[in-house]
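Novice: I'm passing along my_file28.txt; it holds compact mmCIF, C-alpha atoms and all ligand atoms.
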# COMPACT_ATOMS: atom_id res chain seq x y z
CA MET A 1 30.94 99.13 74.79
CA MET A 2 33.13 96.33 76.16
CA ALA A 3 36.55 97.47 77.41
CA MET A 4 39.45 95.76 75.61
CA SER A 5 41.51 93.59 77.93
CA PHE A 6 44.84 95.11 78.71
CA ASP A 7 47.77 92.71 78.28
CA VAL A 8 50.23 94.10 80.80
CA GLU A 9 52.69 91.24 80.22
CA SER A 10 53.20 92.32 76.62
CA LEU A 11 54.44 95.69 77.85
CA PHE A 12 57.60 94.42 79.44
CA ALA A 13 60.97 94.58 77.75
CA GLU A 14 62.72 91.39 76.76
CA ARG A 15 65.45 92.04 79.34
CA MET A 16 62.98 91.58 82.19
CA ARG A 17 62.74 87.88 81.26
CA ASN A 18 66.19 87.37 82.74
CA VAL A 19 65.31 88.64 86.19
CA ARG A 20 62.92 86.67 88.33
CA PRO A 21 61.49 87.27 91.78
CA SER A 22 63.62 85.49 94.32
CA LEU A 23 62.35 82.26 95.86
CA THR A 24 64.43 82.97 98.93
CA ARG A 25 62.71 86.29 99.41
CA GLU A 26 59.38 84.44 99.42
CA LEU A 27 60.63 82.02 102.07
CA LEU A 28 62.05 84.83 104.17
CA LYS A 29 58.76 86.77 104.07
CA ASN A 30 57.75 84.99 107.27
CA ALA A 31 61.11 85.59 108.90
CA GLY A 32 61.31 88.10 111.74
CA GLY A 33 59.48 88.99 114.91
CA PRO A 34 60.50 88.55 118.54
CA GLY A 35 63.23 86.01 119.14
CA PHE A 36 64.01 85.57 115.43
CA ILE A 37 67.72 85.34 114.59
CA SER A 38 68.72 86.28 111.06
CA PHE A 39 71.99 85.25 109.46
CA ALA A 40 70.43 85.94 106.05
CA GLY A 41 70.86 89.64 105.30
CA GLY A 42 74.21 91.06 104.32
CA LEU A 43 73.54 94.17 106.37
CA PRO A 44 76.11 96.16 108.31
CA ASN A 45 75.49 96.30 112.04
CA PRO A 46 73.69 99.56 112.98
CA LYS A 47 75.66 99.73 116.22
CA PHE A 48 78.53 100.97 114.04
CA PHE A 49 76.57 103.74 112.34
CA PRO A 50 78.22 107.04 113.38
CA THR A 51 74.85 108.69 114.03
CA GLU A 52 75.91 111.56 116.29
CA ALA A 53 78.84 112.52 114.08
CA LEU A 54 76.56 112.47 111.03
CA ILE A 55 74.05 114.74 112.78
CA THR A 56 76.88 117.18 113.49
CA ALA A 57 78.18 116.96 109.91
CA THR A 58 74.70 117.47 108.46
CA GLU A 59 74.08 120.55 110.53
CA ALA A 60 77.52 121.97 109.71
CA VAL A 61 77.24 121.64 105.92
CA LEU A 62 73.69 123.01 105.86
CA ARG A 63 74.54 125.99 108.04
CA GLU A 64 77.71 126.81 106.14
CA ASP A 65 76.82 126.15 102.54
CA ALA A 66 73.16 125.23 102.01
CA ALA A 67 73.00 126.96 98.63
CA SER A 68 75.46 124.51 97.10
CA VAL A 69 74.78 121.49 99.35
CA LEU A 70 71.12 121.46 98.26
CA GLN A 71 71.84 122.28 94.61
CA TYR A 72 72.43 120.04 91.57
CA ALA A 73 76.09 119.15 91.24
CA VAL A 74 78.63 117.67 88.81
CA THR A 75 78.18 114.08 87.62
CA GLU A 76 81.65 112.93 88.67
CA GLY A 77 80.94 113.74 92.30
CA TYR A 78 82.07 116.22 94.95
CA PRO A 79 85.79 116.78 94.18
CA PRO A 80 86.97 116.84 97.83
CA LEU A 81 85.25 113.49 98.41
CA ARG A 82 87.02 112.06 95.36
CA GLU A 83 90.28 113.48 96.72
CA TRP A 84 89.61 111.79 100.04
CA ILE A 85 89.19 108.43 98.27
CA ALA A 86 92.42 108.95 96.29
CA ALA A 87 94.30 109.88 99.48
CA ARG A 88 93.03 106.76 101.22
CA TYR A 89 94.34 104.47 98.42
CA LYS A 90 97.66 106.29 98.65
CA GLN A 91 97.79 105.90 102.41
CA ARG A 92 96.71 102.24 102.45
CA PHE A 93 98.55 100.89 99.41
CA GLY A 94 100.83 103.61 98.06
CA LEU A 95 98.60 103.71 94.96
CA ASP A 96 98.37 106.94 92.96
CA ILE A 97 94.90 107.39 91.49
CA PRO A 98 94.17 110.70 89.72
CA ILE A 99 90.80 112.02 90.85
CA GLU A 100 89.69 112.25 87.20
CA GLN A 101 89.58 108.46 87.35
CA ILE A 102 87.21 108.40 90.34
CA LEU A 103 83.43 108.72 89.98
CA ILE A 104 81.07 108.87 92.96
CA THR A 105 78.21 106.40 92.48
CA SER A 106 74.93 105.72 94.26
CA GLY A 107 76.49 102.75 96.04
CA SER A 108 78.80 100.30 94.31
CA GLN A 109 75.64 98.55 93.15
CA GLN A 110 75.13 101.44 90.73
CA GLY A 111 78.68 100.94 89.51
CA LEU A 112 77.70 97.40 88.48
CA ASP A 113 74.66 98.67 86.61
CA LEU A 114 76.64 101.40 84.84
CA LEU A 115 79.23 98.86 83.70
CA GLY A 116 76.45 96.69 82.31
CA LYS A 117 75.06 99.71 80.48
CA VAL A 118 78.29 100.79 78.83
CA LEU A 119 79.93 97.42 78.21
CA LEU A 120 77.33 94.72 77.55
CA ASP A 121 75.34 93.85 74.48
CA PRO A 122 72.95 90.89 74.65
CA GLY A 123 74.90 87.65 74.34
CA ASP A 124 78.23 89.09 75.50
CA VAL A 125 80.01 86.91 78.00
CA VAL A 126 80.69 87.91 81.61
CA ILE A 127 83.11 85.70 83.50
CA ASN A 128 82.21 85.62 87.17
CA GLU A 129 82.96 83.67 90.30
CA ARG A 130 81.11 80.45 91.09
CA PRO A 131 79.61 81.27 93.57
CA GLY A 132 79.44 85.02 92.88
CA TYR A 133 77.69 88.06 94.38
CA GLN A 134 73.99 87.76 93.57
CA GLY A 135 73.57 91.54 93.31
CA ALA A 136 76.10 91.63 90.45
CA ILE A 137 74.34 88.75 88.72
CA HIS A 138 71.05 90.63 89.10
CA ALA A 139 72.37 94.02 87.94
CA LEU A 140 74.22 92.62 84.93
CA SER A 141 71.40 90.24 83.94
CA MET A 142 69.39 93.28 82.86
CA TYR A 143 71.81 93.63 79.94
CA GLN A 144 71.28 90.02 78.83
CA PRO A 145 74.83 88.66 78.94
CA ARG A 146 75.76 85.01 79.16
CA PHE A 147 77.55 84.19 82.38
CA ALA A 148 80.53 81.85 82.25
CA SER A 149 81.17 81.09 85.91
CA VAL A 150 84.58 79.91 87.09
CA THR A 151 84.98 77.91 90.29
CA LEU A 152 86.14 79.90 93.28
CA GLY A 153 88.68 77.93 95.32
CA ASP A 154 90.24 78.72 98.70
CA ASP A 155 92.79 81.10 97.10
CA GLY A 156 90.65 82.64 94.38
CA LEU A 157 89.44 81.74 90.88
CA ASN A 158 90.59 78.35 89.56
CA LEU A 159 93.29 79.32 87.06
CA ASP A 160 92.99 76.33 84.71
CA GLU A 161 89.27 76.87 84.45
CA LEU A 162 89.74 80.60 83.95
CA GLY A 163 92.22 79.98 81.11
CA HIS A 164 89.88 77.47 79.49
CA THR A 165 86.90 79.85 79.84
CA LEU A 166 88.84 82.78 78.38
CA ARG A 167 89.90 80.67 75.38
CA ALA A 168 86.41 79.26 74.90
CA HIS A 169 84.87 82.74 74.82
CA ALA A 170 87.65 84.65 73.06
CA GLY A 171 86.19 87.76 71.43
CA ARG A 172 82.88 87.50 73.34
CA ALA A 173 84.14 87.77 76.93
CA LYS A 174 83.84 91.44 77.90
CA PHE A 175 85.06 91.26 81.46
CA ILE A 176 85.92 89.14 84.45
CA ILE A 177 84.30 90.25 87.69
CA ILE A 178 85.79 89.22 91.03
CA THR A 179 85.73 90.18 94.71
CA PRO A 180 89.24 89.30 95.92
CA ASN A 181 88.74 90.54 99.48
CA TYR A 182 86.42 88.70 101.89
CA GLN A 183 84.13 87.69 99.06
CA ASN A 184 80.36 87.67 99.15
CA PRO A 185 79.06 84.96 99.61
CA THR A 186 82.05 82.85 100.72
CA GLY A 187 84.29 85.13 102.80
CA ILE A 188 87.23 83.86 100.71
CA THR A 189 90.30 86.08 100.12
CA TYR A 190 92.52 85.73 97.06
CA SER A 191 96.20 85.01 97.70
CA GLU A 192 98.83 87.37 96.37
CA ALA A 193 100.00 84.72 93.89
CA ARG A 194 96.46 84.26 92.58
CA ARG A 195 95.97 88.00 92.11
CA ARG A 196 99.21 88.19 90.17
CA ALA A 197 98.31 85.19 88.01
CA ILE A 198 94.87 86.60 87.20
CA ALA A 199 96.45 89.93 86.28
CA ASP A 200 98.77 88.09 83.86
CA MET A 201 95.82 86.34 82.24
CA VAL A 202 93.89 89.58 81.91
CA ARG A 203 96.82 91.08 80.07
CA ARG A 204 97.39 88.02 77.89
CA HIS A 205 93.73 87.60 76.90
CA ASN A 206 93.13 91.31 76.51
CA VAL A 207 89.98 91.50 78.64
CA LEU A 208 88.82 93.91 81.28
CA LEU A 209 88.82 93.03 84.96
CA VAL A 210 86.20 94.41 87.33
CA GLU A 211 87.20 94.31 90.99
CA ASP A 212 84.08 94.63 93.13
CA ASP A 213 85.58 95.55 96.48
CA PRO A 214 83.15 96.77 99.15
CA TYR A 215 84.75 94.81 102.01
CA SER A 216 88.48 95.52 101.75
CA GLU A 217 88.52 97.84 104.79
CA LEU A 218 87.08 95.02 106.93
CA GLY A 219 90.15 92.81 107.31
CA PHE A 220 90.42 91.25 110.78
CA GLU A 221 94.22 91.09 110.74
CA GLY A 222 94.94 94.51 109.29
CA GLU A 223 95.22 95.52 105.65
CA SER A 224 93.72 93.57 102.76
CA GLY A 225 95.70 92.48 99.70
CA LEU A 226 96.66 95.00 97.03
CA PRO A 227 93.90 96.16 94.69
CA MET A 228 94.09 94.51 91.26
CA ARG A 229 94.75 97.95 89.82
CA ALA A 230 98.22 97.71 91.31
CA TYR A 231 98.91 94.80 88.91
CA VAL A 232 97.05 95.86 85.73
CA GLU A 233 96.26 99.55 85.92
CA ASP A 234 94.91 100.10 82.43
CA ARG A 235 92.57 97.12 82.40
CA VAL A 236 90.82 97.33 85.73
CA VAL A 237 87.66 98.95 86.94
CA LEU A 238 87.55 99.11 90.72
CA LEU A 239 84.32 99.50 92.67
CA GLY A 240 84.37 100.72 96.26
CA SER A 241 81.75 101.55 98.83
CA PHE A 242 81.05 103.60 101.92
CA SER A 243 78.24 101.19 102.87
CA LYS A 244 80.29 98.93 105.12
CA ILE A 245 82.49 101.59 106.71
CA VAL A 246 79.98 104.43 107.24
CA ALA A 247 76.34 103.67 106.40
CA PRO A 248 74.61 101.92 103.47
CA GLY A 249 71.56 104.20 103.67
CA MET A 250 73.66 107.07 102.34
CA ARG A 251 73.98 105.04 99.10
CA LEU A 252 77.47 106.23 98.26
CA GLY A 253 80.26 104.33 96.61
CA TRP A 254 82.79 104.92 93.87
CA LEU A 255 84.06 103.61 90.58
CA VAL A 256 87.70 103.89 89.50
CA ALA A 257 88.28 103.47 85.77
CA PRO A 258 90.81 104.33 83.05
CA PRO A 259 89.89 107.54 81.15
CA GLU A 260 88.20 105.98 78.08
CA ILE A 261 85.90 103.86 80.22
CA MET A 262 85.28 106.68 82.69
CA GLN A 263 84.13 108.97 79.89
CA ARG A 264 81.39 106.52 78.82
CA VAL A 265 80.37 105.71 82.37
CA VAL A 266 79.92 109.41 83.12
CA ILE A 267 77.70 109.79 80.04
CA ALA A 268 75.62 106.81 81.16
CA LYS A 269 75.32 108.16 84.69
CA GLN A 270 74.12 111.54 83.45
CA GLY A 271 71.17 109.77 81.89
CA VAL A 272 70.39 107.87 85.09
CA ASP A 273 70.50 110.41 87.92
CA PHE A 274 72.76 113.36 86.91
CA HIS A 275 74.90 112.65 89.97
CA ALA A 276 74.90 110.74 93.24
CA ASN A 277 73.00 112.45 96.07
CA ASN A 278 74.92 115.70 96.53
CA PHE A 279 73.60 116.33 100.04
CA ALA A 280 74.75 112.89 101.19
CA GLN A 281 78.16 113.38 99.54
CA ARG A 282 78.69 116.66 101.35
CA VAL A 283 77.62 115.24 104.72
CA LEU A 284 79.81 112.20 104.22
CA HIS A 285 82.83 114.27 103.26
CA ARG A 286 82.39 116.53 106.29
CA TYR A 287 82.08 113.47 108.51
CA LEU A 288 85.22 111.89 107.02
CA ILE A 289 87.42 114.95 107.51
CA ALA A 290 86.11 115.80 110.98
CA ASN A 291 86.43 112.34 112.56
CA PRO A 292 89.15 109.71 113.05
CA ILE A 293 87.81 107.33 110.40
CA SER A 294 90.59 104.77 110.81
CA GLU A 295 89.64 104.36 114.47
CA HIS A 296 86.00 103.97 113.50
CA ILE A 297 86.89 101.30 110.94
CA ALA A 298 89.12 99.56 113.50
CA ARG A 299 86.10 99.25 115.81
CA ILE A 300 84.01 97.70 113.03
CA ARG A 301 86.84 95.27 112.19
CA ALA A 302 87.22 94.24 115.82
CA GLY A 303 83.46 93.82 116.25
CA TYR A 304 83.04 91.63 113.16
CA ALA A 305 86.20 89.66 113.98
CA SER A 306 84.77 88.76 117.37
CA GLN A 307 81.38 87.87 115.87
CA ALA A 308 83.09 85.75 113.20
CA ARG A 309 85.08 83.91 115.89
CA ALA A 310 81.86 83.25 117.81
CA MET A 311 80.18 81.83 114.71
CA ILE A 312 83.18 79.66 113.80
CA ALA A 313 83.35 78.30 117.36
CA ALA A 314 79.61 77.56 117.36
CA LEU A 315 79.80 75.82 113.97
CA GLU A 316 82.82 73.78 115.10
CA CYS A 317 80.93 72.75 118.15
CA CYS A 318 77.49 72.02 116.65
CA LEU A 319 78.18 70.59 113.19
CA PRO A 320 79.90 67.29 112.36
CA PRO A 321 83.42 67.67 110.91
CA ASP A 322 82.32 66.44 107.47
CA ILE A 323 80.38 69.68 106.94
CA PRO A 324 83.09 72.18 105.97
CA PHE A 325 82.77 75.94 106.21
CA THR A 326 85.02 78.88 105.38
CA ARG A 327 87.01 80.79 108.01
CA PRO A 328 87.02 84.37 106.73
CA GLN A 329 89.88 86.80 107.35
CA GLY A 330 87.48 89.72 107.08
CA GLY A 331 84.11 90.86 105.81
CA MET A 332 80.72 89.55 106.89
CA PHE A 333 80.17 86.00 105.59
CA ILE A 334 80.76 82.30 106.20
CA TRP A 335 79.93 79.70 103.54
CA VAL A 336 78.82 76.23 104.59
CA THR A 337 79.05 73.21 102.27
CA LEU A 338 76.42 70.61 103.11
CA PRO A 339 76.54 67.00 101.90
CA GLU A 340 75.65 66.53 98.23
CA SER A 341 72.15 65.28 98.96
CA ALA A 342 71.17 68.25 101.15
CA ASP A 343 68.68 70.86 100.02
CA ALA A 344 69.27 74.28 101.56
CA MET A 345 65.80 75.50 100.50
CA VAL A 346 64.11 72.75 102.51
CA ILE A 347 66.43 73.44 105.42
CA LEU A 348 65.63 77.15 105.23
CA LYS A 349 61.90 76.50 105.44
CA GLU A 350 62.36 74.44 108.58
CA ALA A 351 64.91 76.90 109.99
CA VAL A 352 62.47 79.80 109.61
CA ALA A 353 59.92 77.76 111.59
CA GLN A 354 62.61 77.45 114.29
CA LYS A 355 63.19 81.22 114.17
CA VAL A 356 66.56 81.32 112.47
CA SER A 357 67.48 82.12 108.86
CA PHE A 358 70.35 82.11 106.37
CA LEU A 359 70.66 82.48 102.60
CA PRO A 360 70.69 79.31 100.51
CA GLY A 361 73.40 79.12 97.85
CA MET A 362 71.34 79.17 94.66
CA PRO A 363 71.14 82.92 94.02
CA PHE A 364 74.95 82.97 93.86
CA PHE A 365 75.06 80.53 90.93
CA THR A 366 74.08 81.29 87.35
CA ASP A 367 73.74 77.67 86.26
CA GLY A 368 71.08 76.35 88.61
CA GLY A 369 73.64 74.99 91.11
CA GLY A 370 74.12 75.87 94.73
CA ARG A 371 71.45 73.82 96.53
CA ARG A 372 73.87 72.34 99.03
CA TYR A 373 75.32 75.65 100.23
CA MET A 374 74.40 78.15 102.91
CA ARG A 375 75.61 81.72 103.37
CA LEU A 376 75.70 82.83 106.98
CA SER A 377 76.18 86.47 107.84
CA TYR A 378 77.62 87.23 111.28
CA SER A 379 77.53 91.01 110.98
CA GLN A 380 74.23 91.68 112.65
CA ALA A 381 74.02 89.45 115.72
CA ASP A 382 76.06 89.66 118.93
CA GLU A 383 78.13 86.71 120.11
CA ALA A 384 75.50 85.19 122.43
CA THR A 385 72.81 85.44 119.76
CA ILE A 386 75.15 83.85 117.22
CA GLU A 387 75.72 80.90 119.56
CA GLU A 388 71.97 80.42 120.09
CA GLY A 389 71.19 80.84 116.37
CA ILE A 390 73.83 78.36 115.23
CA SER A 391 72.68 75.80 117.75
CA ARG A 392 69.09 76.11 116.44
CA LEU A 393 70.28 75.93 112.86
CA ALA A 394 72.54 72.93 113.51
CA ARG A 395 69.60 71.00 115.00
CA VAL A 396 67.59 71.64 111.83
CA ILE A 397 70.51 70.61 109.60
CA LEU A 398 71.20 67.43 111.52
CA GLN A 399 67.55 66.43 111.47
CA HIS A 400 67.40 67.09 107.75
CA LEU A 401 70.50 65.02 107.07
CA ASP A 402 69.21 62.20 109.25
CA ALA A 403 65.78 62.21 107.64
CA PRO A 404 66.37 59.81 104.71
CA ALA A 405 68.15 57.29 106.95
CA THR A 406 65.36 57.43 109.54
CA GLU A 407 62.75 56.89 106.84
CA GLN A 408 64.67 53.92 105.48
CA PHE A 409 64.95 52.53 108.96
CA GLY A 410 61.20 53.05 109.42
CA ILE A 411 60.50 51.07 106.23
CA ARG A 412 62.89 48.31 107.17
CA SER A 413 61.49 47.95 110.65
CA ALA A 414 57.96 47.96 109.29
CA MET A 415 58.93 45.10 106.97
CA ALA A 416 60.68 43.13 109.68
C1 LIG B 501 80.21 92.13 96.59
C2 LIG B 501 79.27 93.29 96.71
N1 LIG B 501 79.31 94.24 95.76
C3 LIG B 501 78.52 95.33 95.82
C4 LIG B 501 77.63 95.50 96.85
C5 LIG B 501 76.74 96.72 96.84
O1 LIG B 501 77.06 97.58 97.88
P1 LIG B 501 76.64 99.11 97.91
O2 LIG B 501 75.78 99.38 96.72
O3 LIG B 501 75.92 99.30 99.19
O4 LIG B 501 77.93 99.87 97.84
C6 LIG B 501 77.54 94.54 97.86
C7 LIG B 501 76.57 94.70 98.95
O5 LIG B 501 76.37 93.89 99.79
C8 LIG B 501 78.39 93.41 97.79
O6 LIG B 501 78.36 92.44 98.70
Represent the structure contained in this file as structure tokens.

Specialist:
Amino acid sequence: MMAMSFDVESLFAERMRNVRPSLTRELLKNAGGPGFISFAGGLPNPKFFPTEALITATEAVLREDAASVLQYAVTEGYPPLREWIAARYKQRFGLDIPIEQILITSGSQQGLDLLGKVLLDPGDVVINERPGYQGAIHALSMYQPRFASVTLGDDGLNLDELGHTLRAHAGRAKFIIITPNYQNPTGITYSEARRRAIADMVRRHNVLLVEDDPYSELGFEGESGLPMRAYVEDRVVLLGSFSKIVAPGMRLGWLVAPPEIMQRVVIAKQGVDFHANNFAQRVLHRYLIANPISEHIARIRAGYASQARAMIAALECCLPPDIPFTRPQGGMFIWVTLPESADAMVILKEAVAQKVSFLPGMPFFTDGGGRRYMRLSYSQADEATIEEGISRLARVILQHLDAPATEQFGIRSAMA
């Protein structure tokens, strides 16, 4: 008997149509190996992982309390860890956050997914930054929203455009999602005035605001701006993360939400994984209370600040002044705007051949734009490597920009 052919494609849910394999990932498959310099990944630098202190914390919690450390736990997360997070907001900003409003998540990435689950029906509108974090676009796309992207300027979202977008999608816009501190991919920080104005609009248009804030501890000049919750407490969900200040492999972050939203998010999380990794939560908490975390964070800040300065100096030196780039006050990223005609995908291909990489802008746009942009991450390379990598990359860019002119010249001289 002939076996019936098995149509695997017909198995997949409609929502999978919205998420495609990344072209950039394909191009970066060949990236790596000896001498390769990557400015592509948004990875924290492992030199700042507190390995020894985590070994000590792991041993301590296992020896003292293995029966509960290795057991299932409550969905909301380990209460002392939630208290630690609340105390840190109090210490940094004077903000009072009841621990009932804090949920421990498997990284802030899970917070994005949970918000999609509880808030989005297909066709609902999400207002995001243009360019905006590609991981949020990916996570939320699974719930089939329409993205209405608003231009991100030097001080934050463009307010006229935001007002227009909110009016155009009245009743369908579920939330606005922004990263006001050291944004991914641009490194931009929202001004105080812009935060206040956005808070006013959130109140006026009766929408929810999601503040995705994994970088706020990484300010080069001290403290970041106030969390949006300080301006509109009842209409903000705040996502935080231990990835950039301790270690991303622990997959621990948090979500702060008003009670009604928290209740639904907790129900959704129960169906996903019961709770974030309890063992990791306990180790992390022990580490946080047994070590001077502010000093640790200060070292990360200083390290990234120096690496950012090195990248800015190298870009100033190697690129012509008509190629602007951002000068971040914190975080891990610089955003380069190439001339209109440039194609970052083509440049990336050539750059990988020259053993250097970056992320092209397209994944950060929901409307097919972004070809002329590059995201450079300075978190992983030391200053000398950054200098070498930027000089390689600049050569590739300059050749690429010269290429059409050279070809024209070739044609003209052939005709002459
Ligand atoms: C803006 C933004 N949000 C969320 C995340 C997810 O971080 P994690 O899940 O490690 O907390 C990242 C990671 O790079 C990010 O850049």

Novice: Tell me which of A:Phe365, A:Tyr133, A:Phe220, A:Tyr287 sits closest to ligand LIG 501 (chain B), counting only C-alpha atoms and all ligand atoms.

Specialist: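 Residue with the minimum atom-to-atom distance to ligand LIG 501 (chain B): A:Tyr133.
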
Novice: I need the residue nearest Glu76 in chain A from this list: A:Met228, A:Leu376, A:Val256, A:Ala197. Use only C-alpha atoms for the distance.

Specialist: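 Of all the options, A:Val256 lies closest to Glu76 in chain A.
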
Novice: Which residues are near Phe325 in chain A? Cut-off 9 Å, only C-alpha atoms, ignore same chain within fewer than 3 positions. Put them as a list in words.

Specialist: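 My reading of the contact set: Thr186, Ile312, Leu315, Ile334, Trp335, Val336, Thr337 and Leu338 of chain A.
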
Novice: From the set A:Ala31, A:Leu112, A:Val8, A:Ala60, which residue has the shortest atom-to-atom contact distance to ligand LIG 501 (chain B), counting only C-alpha atoms and all ligand atoms?

Specialist: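 Nearest candidate to ligand LIG 501 (chain B) out of A:Ala31, A:Leu112, A:Val8, A:Ala60: A:Leu112.
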
Novice: Near Ala40 in chain A, within 6 Å and counting only C-alpha atoms, which residues show up once chain neighbours fewer than 2 positions away are dropped, as a ChimeraX atom specification?

Specialist: /A:38,357-359

Novice: At a cut-off of 7 Å, can you tabulate as a Markdown table every residue of chain A near ligand LIG 501 (chain B) together with its closest atom pair and the distance in Å to one decimal, using only C-alpha atoms and all ligand atoms and ordering rows by chain then number?

Specialist:
| residue | atom | partner | partner_atom | distance |
| --- | --- | --- | --- | --- |
| A:Gly42 | CA | B:LIG501 | O5 | 5.8 |
| A:Ser106 | CA | B:LIG501 | O2 | 6.9 |
| A:Gly107 | CA | B:LIG501 | O2 | 3.5 |
| A:Ser108 | CA | B:LIG501 | O4 | 3.7 |
| A:Gln109 | CA | B:LIG501 | O2 | 3.7 |
| A:Gln110 | CA | B:LIG501 | O2 | 6.4 |
| A:Tyr133 | CA | B:LIG501 | C1 | 5.3 |
| A:Gly135 | CA | B:LIG501 | C4 | 6.7 |
| A:Ala136 | CA | B:LIG501 | N1 | 6.7 |
| A:Thr179 | CA | B:LIG501 | C1 | 6.1 |
| A:Gln183 | CA | B:LIG501 | C1 | 6.4 |
| A:Asn184 | CA | B:LIG501 | C1 | 5.1 |
| A:Asp212 | CA | B:LIG501 | N1 | 5.5 |
| A:Asp213 | CA | B:LIG501 | C1 | 6.4 |
| A:Pro214 | CA | B:LIG501 | N1 | 5.7 |
| A:Gly240 | CA | B:LIG501 | O4 | 6.7 |
| A:Ser241 | CA | B:LIG501 | O4 | 4.3 |
| A:Phe242 | CA | B:LIG501 | O4 | 6.3 |
| A:Ser243 | CA | B:LIG501 | O3 | 4.7 |
| A:Pro248 | CA | B:LIG501 | O3 | 5.2 |
| A:Arg251 | CA | B:LIG501 | O3 | 6.1 |
| A:Leu252 | CA | B:LIG501 | O4 | 6.4 |
| A:Gly253 | CA | B:LIG501 | O4 | 5.2 |

Novice: Quick one: of A:Leu284, A:Val236, A:Met250, A:Ala381, who's nearest to Gln307 in chain A, counting all atoms listed in the file?

Specialist: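 Using all atoms listed in the file, the shortest distance to Gln307 in chain A belongs to A:Ala381.
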
Novice: Between A:Leu120, A:Val272, A:Glu161, A:Val246, which has the minimum distance to Ile293 in chain A (counting all atoms listed in the file)?

Specialist: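 Smallest distance to Ile293 in chain A is found for A:Val246.
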
Novice: Of the residues A:Leu226, A:Ala13, A:Ile97, A:Leu28, which is the one nearest to Val352 in chain A, using only C-alpha atoms?

Specialist: A:Leu28

Novice: So how many Å separate CA of Gly369 in chain A and CA of Ile397 in chain A, to one decimal?

Specialist: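 Atom-to-atom, CA of Gly369 in chain A and CA of Ile397 in chain A are spaced 19.3 Å apart.
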
Novice: Find the residues around Val396 in chain A up to 7 Å (only C-alpha atoms counted), leave out those fewer than 2 positions away in its own chain, and share them as an NGL selection string.

Specialist: :A and (347 or 350-351 or 392-394 or 398-400)

Novice: So how far away is CA of His138 in chain A from CA of Glu9 in chain A, in Å?

Specialist: 20.4 Å

Novice: Tell me, as a ChimeraX atom specification, which residues lie within 9 Å of Ala173 in chain A, counting all atoms listed in the file; anything in the same chain fewer than 5 positions away does not count.

Specialist: /A:124-127,148,165-166,207-208

Novice: Give me, as a list of chain:residue names, all polymer residues having an atom no more than 12 Å from Ala87 in chain A, counting only C-alpha atoms and skipping those fewer than 5 positions away in the same chain.

Specialist: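 In the requested form, the answer reads A:Pro80, A:Leu81, A:Arg82, A:Arg92, A:Phe93, A:Gly94, A:Leu95, A:Asp96, A:Ile97, A:Pro98, A:Ile99, A:Ile102, A:Leu288, A:Ile289.
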
Novice: Record the distance separating CA of Val356 in chain A and CA of Lys29 in chain A, expressed in Å with one decimal.

Specialist: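 CA of Lys29 in chain A lies 12.7 Å from CA of Val356 in chain A.
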
Novice: Identify the residues around (93.1, 96.0, 80.5) within a radius of 8 Å, measuring from only C-alpha atoms in the coordinates stated by the file, and give them as a list in words.

Specialist: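 The distance filter leaves exactly Val202, Arg203, Asn206, Val207, Leu208, Leu209, Val232, Glu233, Asp234, Arg235 and Val236 of chain A.
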
Novice: Just write the chosen residues, C-alpha atoms, as a compact mmCIF listing (two decimals), in the coordinates of the input.

Specialist:
# COMPACT_ATOMS: atom_id res chain seq x y z
CA VAL A 202 93.89 89.58 81.91
CA ARG A 203 96.82 91.08 80.07
CA ASN A 206 93.13 91.31 76.51
CA VAL A 207 89.98 91.50 78.64
CA LEU A 208 88.82 93.91 81.28
CA LEU A 209 88.82 93.03 84.96
CA VAL A 232 97.05 95.86 85.73
CA GLU A 233 96.26 99.55 85.92
CA ASP A 234 94.91 100.10 82.43
CA ARG A 235 92.57 97.12 82.40
CA VAL A 236 90.82 97.33 85.73

Novice: Could you tell me, as a ChimeraX atom specification, which residues have any atom at most 10 Å from (70.5, 82.9, 116.1), counting all atoms listed in the file?

Specialist: /A:35-39,311,354-358,378,381-393
